[in-house]
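Dropping input.cif in here (mmCIF, C-alpha atoms and all ligand atoms):
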data_model
#
loop_
_atom_site.label_atom_id
_atom_site.label_comp_id
_atom_site.auth_asym_id
_atom_site.auth_seq_id
_atom_site.Cartn_x
_atom_site.Cartn_y
_atom_site.Cartn_z
CA MET P 20 0.00 0.00 0.00
CA THR P 21 1.30 3.46 -0.85
CA TYR P 22 0.08 6.22 1.47
CA SER P 23 0.23 9.97 0.99
CA TYR P 24 -0.37 13.13 3.00
CA THR P 25 -3.83 13.49 1.44
CA GLN P 26 -4.79 10.01 2.61
CA ILE P 27 -3.48 10.42 6.14
CA SER P 28 -5.05 13.86 6.59
CA GLN P 29 -8.38 12.56 5.27
CA TYR P 30 -8.23 9.65 7.74
CA LEU P 31 -7.40 11.97 10.64
CA ARG P 32 -10.22 14.33 9.64
CA CYS P 33 -12.86 11.61 9.38
CA PRO P 34 -12.16 7.86 8.95
CA ARG P 35 -15.62 7.37 7.39
CA GLY P 36 -14.68 9.93 4.73
CA TYR P 37 -11.49 7.94 4.11
CA ARG P 38 -13.56 4.82 3.49
CA HIS P 39 -15.92 6.66 1.11
CA ARG P 40 -13.02 8.00 -0.86
CA TYR P 41 -10.25 5.45 -0.85
CA LEU P 42 -12.06 2.15 -0.39
CA ASP P 43 -15.33 2.85 -2.17
CA GLY P 44 -13.86 5.16 -4.83
CA TRP P 45 -16.07 8.24 -4.36
CA ARG P 46 -14.43 11.48 -5.49
CA GLU P 47 -15.57 15.05 -5.40
CA LYS P 48 -16.37 16.41 -8.87
CA ASP P 49 -13.68 18.82 -10.08
CA THR P 50 -16.00 21.74 -10.57
CA ARG P 51 -14.64 24.20 -8.01
CA ALA P 52 -13.20 27.14 -9.90
CA ALA P 53 -10.72 27.96 -7.13
CA LEU P 54 -9.24 24.45 -7.22
CA VAL P 55 -8.93 24.38 -11.01
CA PHE P 56 -7.45 27.89 -11.02
CA GLY P 57 -4.92 26.87 -8.34
CA ARG P 58 -3.63 24.06 -10.57
CA CYS P 59 -3.33 26.38 -13.58
CA PHE P 60 -1.55 28.97 -11.47
CA GLU P 61 0.99 26.45 -10.18
CA ARG P 62 1.81 25.47 -13.77
CA ALA P 63 2.32 29.15 -14.53
CA LEU P 64 4.67 29.42 -11.55
CA ALA P 65 6.69 26.48 -12.87
CA ALA P 66 6.93 28.34 -16.20
CA TYR P 67 8.30 31.38 -14.34
CA PHE P 68 11.15 29.31 -12.87
CA LEU P 69 11.81 27.76 -16.28
CA GLN P 70 12.17 31.33 -17.61
CA GLU P 71 9.13 30.99 -19.85
CA ASP P 72 6.25 33.47 -20.20
CA SER P 73 4.25 32.62 -17.08
CA ALA P 74 1.33 34.99 -17.85
CA ALA P 75 0.96 33.46 -21.33
CA LEU P 76 0.94 29.99 -19.79
CA LEU P 77 -1.71 31.03 -17.25
CA SER P 78 -3.79 32.45 -20.10
CA LYS P 79 -3.50 29.15 -22.01
CA GLU P 80 -4.17 26.85 -19.04
CA TRP P 81 -6.97 28.88 -17.44
CA GLY P 82 -8.29 29.78 -20.89
CA ALA P 83 -9.17 26.11 -21.40
CA TYR P 84 -11.81 26.56 -18.66
CA ARG P 85 -13.29 29.83 -19.86
CA ASP P 86 -16.58 28.25 -20.92
CA ALA P 87 -16.51 25.33 -18.50
CA GLN P 88 -19.31 24.85 -15.97
CA LEU P 89 -17.31 25.74 -12.86
CA GLU P 90 -18.62 26.76 -9.46
CA TYR P 91 -17.36 30.26 -8.68
CA ARG P 92 -17.33 31.77 -5.23
CA LYS P 93 -19.59 34.81 -4.83
CA GLY P 94 -17.80 37.77 -6.39
CA ASP P 95 -15.39 35.59 -8.42
CA GLY P 96 -15.43 35.14 -12.17
CA TRP P 97 -13.13 33.86 -14.91
CA ASP P 98 -11.78 37.32 -15.93
CA GLN P 99 -11.29 38.53 -12.41
CA MET P 100 -9.36 35.42 -11.41
CA PHE P 101 -7.19 35.63 -14.50
CA HIS P 102 -6.29 39.29 -13.80
CA GLN P 103 -5.55 38.52 -10.16
CA GLY P 104 -3.34 35.63 -11.27
CA VAL P 105 -1.36 37.84 -13.65
CA GLN P 106 -0.95 40.51 -10.96
CA LEU P 107 0.33 37.88 -8.53
CA LEU P 108 2.81 36.50 -11.06
CA GLU P 109 4.10 40.02 -11.76
CA GLN P 110 4.38 40.77 -8.04
CA PHE P 111 6.21 37.47 -7.47
CA ALA P 112 8.73 38.31 -10.19
CA ARG P 113 9.22 41.86 -8.79
CA ASP P 114 9.73 40.58 -5.24
CA SER P 115 12.30 38.08 -6.49
CA ARG P 116 12.60 36.49 -3.04
CA VAL P 117 12.32 32.85 -4.14
CA GLU P 118 14.91 30.99 -6.18
CA VAL P 119 14.72 27.44 -7.49
CA HIS P 120 17.91 26.18 -9.08
CA GLN P 121 17.58 23.45 -11.68
CA PRO P 122 13.77 23.73 -11.74
CA GLN P 123 13.36 20.56 -13.81
CA ARG P 124 14.74 18.65 -10.82
CA ASN P 125 13.59 20.82 -7.92
CA LEU P 126 9.92 21.44 -8.71
CA GLN P 127 7.27 18.78 -8.00
CA VAL P 128 9.86 16.65 -6.25
CA LYS P 129 8.70 13.09 -5.67
CA LEU P 130 9.82 11.47 -2.41
CA LEU P 131 9.16 7.83 -1.66
CA ASN P 132 9.83 6.59 1.89
CA PRO P 133 9.39 3.03 3.11
CA LEU P 134 6.83 2.44 5.87
CA PRO P 135 7.91 -0.87 7.41
CA PRO P 136 7.06 -3.64 7.11
CA ASN P 137 5.34 -3.53 3.70
CA ASP P 138 4.09 -0.03 2.86
CA ASP P 139 5.44 3.19 1.33
CA PHE P 140 4.72 6.87 1.79
CA VAL P 141 4.84 9.11 -1.26
CA ALA P 142 5.03 12.90 -1.14
CA TYR P 143 5.15 15.45 -3.94
CA ILE P 144 6.79 18.64 -2.71
CA ASP P 145 6.06 21.80 -4.70
CA GLY P 146 9.70 22.80 -4.67
CA VAL P 147 13.06 22.84 -2.96
CA GLY P 148 14.80 26.17 -3.27
CA TYR P 149 15.71 29.37 -1.45
CA LEU P 150 13.58 31.99 0.27
CA ASP P 151 15.54 35.17 0.99
CA GLY P 152 18.74 33.14 0.57
CA THR P 153 17.82 30.33 2.99
CA ARG P 154 17.49 26.84 1.52
CA CYS P 155 14.08 25.41 2.30
CA LEU P 156 11.24 23.26 1.19
CA LEU P 157 8.65 25.35 -0.69
CA GLU P 158 4.90 24.98 -0.72
CA TRP P 159 2.60 27.18 -2.87
CA LYS P 160 -0.94 28.06 -1.88
CA THR P 161 -3.54 30.06 -3.79
CA THR P 162 -6.32 31.35 -1.60
CA THR P 163 -8.75 34.22 -1.11
CA SER P 164 -7.80 34.94 2.49
CA ARG P 165 -4.49 35.55 4.21
CA TYR P 166 -2.83 32.75 6.16
CA PRO P 167 -3.08 33.64 9.89
CA GLU P 168 0.30 34.82 11.19
CA GLN P 169 -0.75 35.30 14.82
CA PRO P 170 -0.06 33.98 17.36
CA GLU P 171 3.56 33.74 16.29
CA GLY P 172 4.73 30.24 15.33
CA MET P 173 1.37 29.07 13.93
CA LEU P 174 3.01 27.94 10.70
CA SER P 175 5.20 25.42 12.52
CA LEU P 176 2.00 23.54 13.44
CA ASP P 177 0.85 23.16 9.83
CA LEU P 178 0.38 19.41 9.36
CA GLN P 179 1.24 19.44 5.66
CA LEU P 180 4.54 21.23 6.24
CA ILE P 181 5.38 18.87 9.12
CA CYS P 182 4.59 15.93 6.83
CA TYR P 183 6.81 17.19 4.02
CA SER P 184 9.61 18.00 6.45
CA TRP P 185 9.32 14.44 7.81
CA ALA P 186 9.30 12.97 4.29
CA SER P 187 12.27 15.05 3.09
CA GLY P 188 14.29 15.47 6.28
CA ILE P 189 14.48 19.23 5.54
CA SER P 190 13.90 21.39 8.65
CA ASP P 191 13.42 24.79 7.01
CA VAL P 192 10.05 25.03 5.32
CA ALA P 193 8.25 27.88 3.63
CA MET P 194 4.76 28.56 2.45
CA VAL P 195 4.26 31.12 -0.29
CA VAL P 196 0.64 32.20 -0.13
CA PHE P 197 -0.85 33.89 -3.21
CA VAL P 198 -3.84 35.77 -1.88
CA ARG P 199 -6.48 36.61 -4.48
CA LYS P 200 -8.27 39.65 -3.14
CA ARG P 201 -9.10 43.14 -4.36
CA THR P 202 -5.44 44.08 -4.06
CA PRO P 203 -3.60 40.77 -4.52
CA GLU P 204 -0.93 40.01 -1.94
CA ILE P 205 1.83 37.43 -1.49
CA GLN P 206 2.78 36.17 1.96
CA TYR P 207 6.25 34.66 2.30
CA LEU P 208 6.15 32.59 5.47
CA ARG P 209 9.03 30.51 6.76
CA THR P 210 9.41 28.30 9.80
CA THR P 211 11.45 25.42 11.17
CA ILE P 212 10.17 21.95 11.93
CA ASN P 213 12.16 20.23 14.67
CA ASP P 214 13.24 16.59 15.09
CA GLU P 215 10.57 15.89 17.69
CA GLN P 216 7.78 17.09 15.38
CA ARG P 217 9.09 14.83 12.62
CA ARG P 218 9.34 11.87 14.99
CA GLU P 219 5.82 12.47 16.27
CA PHE P 220 4.47 12.75 12.73
CA GLY P 221 6.08 9.40 11.90
CA GLU P 222 4.25 7.91 14.89
CA LEU P 223 0.99 9.52 13.76
CA VAL P 224 1.39 7.94 10.31
CA GLY P 225 2.12 4.55 11.89
CA GLU P 226 -0.94 4.82 14.12
CA ALA P 227 -3.24 5.95 11.29
CA THR P 228 -2.08 3.30 8.83
CA GLY P 229 -2.43 0.63 11.54
CA ARG P 230 -6.06 1.67 12.11
CA ILE P 231 -6.72 1.79 8.34
CA GLU P 232 -5.34 -1.71 7.91
CA ALA P 233 -7.43 -2.90 10.89
CA GLY P 234 -10.52 -1.59 9.07
CA GLN P 235 -11.43 1.13 11.60
CA PHE P 236 -13.57 3.68 9.79
CA LEU P 237 -15.86 5.17 12.41
CA PRO P 238 -17.26 8.59 11.47
CA HIS P 239 -15.75 11.66 13.16
CA SER P 240 -18.56 13.94 12.26
CA GLY P 241 -17.32 16.73 14.52
CA ILE P 242 -20.76 18.19 14.97
CA ARG P 243 -20.57 21.07 17.40
CA PHE P 244 -22.58 24.14 16.66
CA PRO P 245 -21.69 26.34 14.82
CA GLN P 246 -18.64 24.46 13.44
CA ASN P 247 -19.85 21.32 11.76
CA GLY P 248 -17.21 19.50 9.74
CA CYS P 249 -19.91 17.57 7.89
CA THR P 250 -21.33 20.74 6.32
CA SER P 251 -18.30 21.27 4.11
CA CYS P 252 -17.53 17.54 3.64
CA PRO P 253 -17.96 16.34 0.05
CA PHE P 254 -19.26 12.97 1.32
CA LEU P 255 -22.23 14.43 3.22
CA GLY P 256 -24.69 12.99 0.68
CA LEU P 257 -23.35 9.46 1.30
CA CYS P 258 -23.58 9.78 5.08
CA LEU P 259 -27.10 11.21 4.85
CA GLY P 260 -28.22 8.75 2.17
CA ASN P 261 -29.18 11.75 0.02
CA GLU P 262 -28.87 10.63 -3.62
CA GLN P 263 -29.48 14.10 -5.00
CA LEU P 264 -26.51 15.45 -3.06
CA VAL P 265 -24.34 12.48 -4.11
CA ASP P 266 -25.16 13.09 -7.79
CA ALA P 267 -24.45 16.79 -7.47
CA LYS P 268 -21.09 16.47 -5.70
CA LEU P 269 -19.49 13.11 -6.38
CA ILE P 270 -18.36 10.70 -9.02
CA ARG P 271 -17.36 7.12 -8.38
CA GLN P 272 -14.06 5.75 -9.62
CA PRO P 273 -13.64 2.19 -8.40
CA GLY P 274 -9.97 1.38 -7.99
CA ALA P 275 -9.04 5.06 -7.72
CA SER P 276 -7.16 4.42 -4.48
CA ASP P 277 -4.27 2.99 -6.51
CA LEU P 278 -3.72 6.44 -8.01
CA ASP P 279 -4.12 8.33 -4.77
CA TRP P 280 -0.64 9.79 -4.85
CA LEU P 281 -1.79 11.90 -7.80
CA ASP P 282 -3.82 13.94 -5.28
CA GLN P 283 -0.55 15.32 -4.02
CA LEU P 284 -0.34 17.35 -7.19
CA ASP P 285 -3.59 19.12 -6.25
CA ASP P 286 -2.65 20.21 -2.75
S1 LIG F 1 -20.30 13.84 6.22
FE1 LIG F 1 -19.38 13.92 8.30
S2 LIG F 1 -19.37 11.76 9.02
FE2 LIG F 1 -19.68 11.72 6.78
S3 LIG F 1 -17.64 11.49 5.91
FE3 LIG F 1 -18.05 13.67 5.97
S4 LIG F 1 -17.20 14.41 7.95
FE4 LIG F 1 -17.35 12.14 8.05
#
Final structure tokens representation of the file:
Amino acid sequence: MTYSYTQISQYLRCPRGYRHRYLDGWREKDTRAALVFGRCFERALAAYFLQEDSAALLSKEWGAYRDAQLEYRKGDGWDQMFHQGVQLLEQFARDSRVEVHQPQRNLQVKLLNPLPPNDDFVAYIDGVGYLDGTRCLLEWKTTTSRYPEQPEGMLSLDLQLICYSWASGISDVAMVVFVRKRTPEIQYLRTTINDEQRREFGELVGEATGRIEAGQFLPHSGIRFPQNGCTSCPFLGLCLGNEQLVDAKLIRQPGASDLDWLDQLDD
């Protein structure tokens, strides 16, 4: 079995959701404009490091979805997202704070670690490069709201960064957050993940995979007014037995769990 961050985080969020997705093959339909745009934008970023025309690449990639039936957030639209993307790419080039040497090798880096006795853990890291001259692991995010910076040190608790630090053995990690808002902004956030966090994450993976292999998939619905994790869960229709909701949100791909590591490319 090959595990990934997406799988482990889904299991930790709700084991029942893990079963819906990875055992039964239910997947959320790819109709969220923000998700599709994020993928196009990351390809444009790769073009920037390869010294190609990143805005032209964004236009080509995002242009393919101009007439697609995507779900836009209130206030978002194809044109607006494209212009924000171009502004962010220009700002990123002007700031010139991130360097990736040998981008063919150091972008979308695949790491495969053994999980004894018989499993593996695969991670796709957005990049390994330099932020303000310090070598670090790089993770891109496109979002509509700023990443919280207070209280200080929040970033060092980010589970995805801890996971990638564990998988790569690199302590210095950075998140570059491309914030799509009226005046687009880029946050350059860096932190250090220590040995103990990496060791604990390894234990968390061992514990989660042990429970997966023992077939423990109890729901963690997390219902507690007003935060209800089920409300934003794509599998809500399955848990409620609501076929209309299932048809609207999900598609079924039996056997999709074999290709789970591809999800890493979406994160
Ligand atoms: S709807 Fe709730 S219980 Fe069902 S998978 Fe999602 S989070 Fe878990």
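Nearest residue to ligand LIG 1 (chain F) among P:Asp266, P:Glu47, P:Glu215, P:Glu118 is P:Glu47, counting all atoms listed in the file.
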* Neighbourhood of ligand LIG 1 (chain F) at 10 Å, counting all atoms listed in the file, reported as an NGL selection string -> :P and (29-30 or 32-40 or 236-242 or 247-259)
* Would you kindly return, as a PyMOL selection string, each protein, DNA or RNA residue with an atom no farther than 7 Å from any atom of region 48-55 of chain P, considering all atoms listed in the file and excluding same-chain residues fewer than 3 positions away? => chain P and resi 58-59+89-91+268-270
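Relative to CA of Val117 (chain P), CA of Val147 (chain P) is found at 10.1 Å.
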* **Exercise: region 65-72 of chain P partners within 9 Å, all atoms listed in the file, chain neighbours under 4 positions left out, as a PyMOL selection string** => chain P and resi 60-61+76-77+108+112+118-123+126
Residue list as a PDB file with C-alpha atoms, in the frame of the given file for point (4.2, 13.6, 13.1), cut-off 12 Å, all atoms listed in the file:
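Result saved to part.pdb:
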ATOM      1  CA  TYR P  24      -0.370  13.130   3.000  1.00  0.00           C
ATOM      2  CA  ILE P  27      -3.480  10.420   6.140  1.00  0.00           C
ATOM      3  CA  SER P  28      -5.050  13.860   6.590  1.00  0.00           C
ATOM      4  CA  LEU P  31      -7.400  11.970  10.640  1.00  0.00           C
ATOM      5  CA  SER P 175       5.200  25.420  12.520  1.00  0.00           C
ATOM      6  CA  LEU P 176       2.000  23.540  13.440  1.00  0.00           C
ATOM      7  CA  ASP P 177       0.850  23.160   9.830  1.00  0.00           C
ATOM      8  CA  LEU P 178       0.380  19.410   9.360  1.00  0.00           C
ATOM      9  CA  GLN P 179       1.240  19.440   5.660  1.00  0.00           C
ATOM     10  CA  LEU P 180       4.540  21.230   6.240  1.00  0.00           C
ATOM     11  CA  ILE P 181       5.380  18.870   9.120  1.00  0.00           C
ATOM     12  CA  CYS P 182       4.590  15.930   6.830  1.00  0.00           C
ATOM     13  CA  TYR P 183       6.810  17.190   4.020  1.00  0.00           C
ATOM     14  CA  SER P 184       9.610  18.000   6.450  1.00  0.00           C
ATOM     15  CA  TRP P 185       9.320  14.440   7.810  1.00  0.00           C
ATOM     16  CA  ALA P 186       9.300  12.970   4.290  1.00  0.00           C
ATOM     17  CA  ILE P 212      10.170  21.950  11.930  1.00  0.00           C
ATOM     18  CA  ASN P 213      12.160  20.230  14.670  1.00  0.00           C
ATOM     19  CA  ASP P 214      13.240  16.590  15.090  1.00  0.00           C
ATOM     20  CA  GLU P 215      10.570  15.890  17.690  1.00  0.00           C
ATOM     21  CA  GLN P 216       7.780  17.090  15.380  1.00  0.00           C
ATOM     22  CA  ARG P 217       9.090  14.830  12.620  1.00  0.00           C
ATOM     23  CA  ARG P 218       9.340  11.870  14.990  1.00  0.00           C
ATOM     24  CA  GLU P 219       5.820  12.470  16.270  1.00  0.00           C
ATOM     25  CA  PHE P 220       4.470  12.750  12.730  1.00  0.00           C
ATOM     26  CA  GLY P 221       6.080   9.400  11.900  1.00  0.00           C
ATOM     27  CA  GLU P 222       4.250   7.910  14.890  1.00  0.00           C
ATOM     28  CA  LEU P 223       0.990   9.520  13.760  1.00  0.00           C
ATOM     29  CA  VAL P 224       1.390   7.940  10.310  1.00  0.00           C
ATOM     30  CA  GLY P 225       2.120   4.550  11.890  1.00  0.00           C
ATOM     31  CA  GLU P 226      -0.940   4.820  14.120  1.00  0.00           C
ATOM     32  CA  ALA P 227      -3.240   5.950  11.290  1.00  0.00           C
TER      33      ALA P 227
END
* **Among the residues P:Tyr41, P:Phe56, P:Tyr143, P:Tyr149, the one that comes closest to Gly104 (chain P) [using all atoms listed in the file]** =>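 Of P:Tyr41, P:Phe56, P:Tyr143, P:Tyr149, the one nearest Gly104 (chain P), counting all atoms listed in the file, is P:Phe56.
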* To do: Point out the residue among P:Thr228, P:Gln103, P:Gln169, P:Thr153 with the least atom-to-atom distance to Glu204 (chain P), counting all atoms listed in the file.
  =>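 Going through P:Thr228, P:Gln103, P:Gln169, P:Thr153 one by one, the smallest distance to Glu204 (chain P) is for P:Gln103.
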* Distance CA of Ala83 (chain P)-CA of Phe101 (chain P), one decimal place? ->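 Here the two named atoms are 11.9 Å from each other.
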* Asked: Which distance in Å separates CA of Leu42 (chain P) and CA of Asn137 (chain P), to one decimal?
  ->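 CA of Asn137 (chain P) lies 18.8 Å from CA of Leu42 (chain P).
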* Of the candidates P:Gly57, P:Leu130, P:Ile205, P:Cys155, which one gets nearest to Ala193 (chain P) if we count all atoms listed in the file? -> P:Cys155
Quick one: 8 Å padding each side, axis-aligned, all listed atoms of region 55-65 of chain P - centre and edge lengths in Å to one decimal, as lines of an AutoDock Vina configuration file?
center_x = -1.1
center_y = 26.7
center_z = -11.4
size_x = 31.6
size_y = 21.4
size_z = 22.2
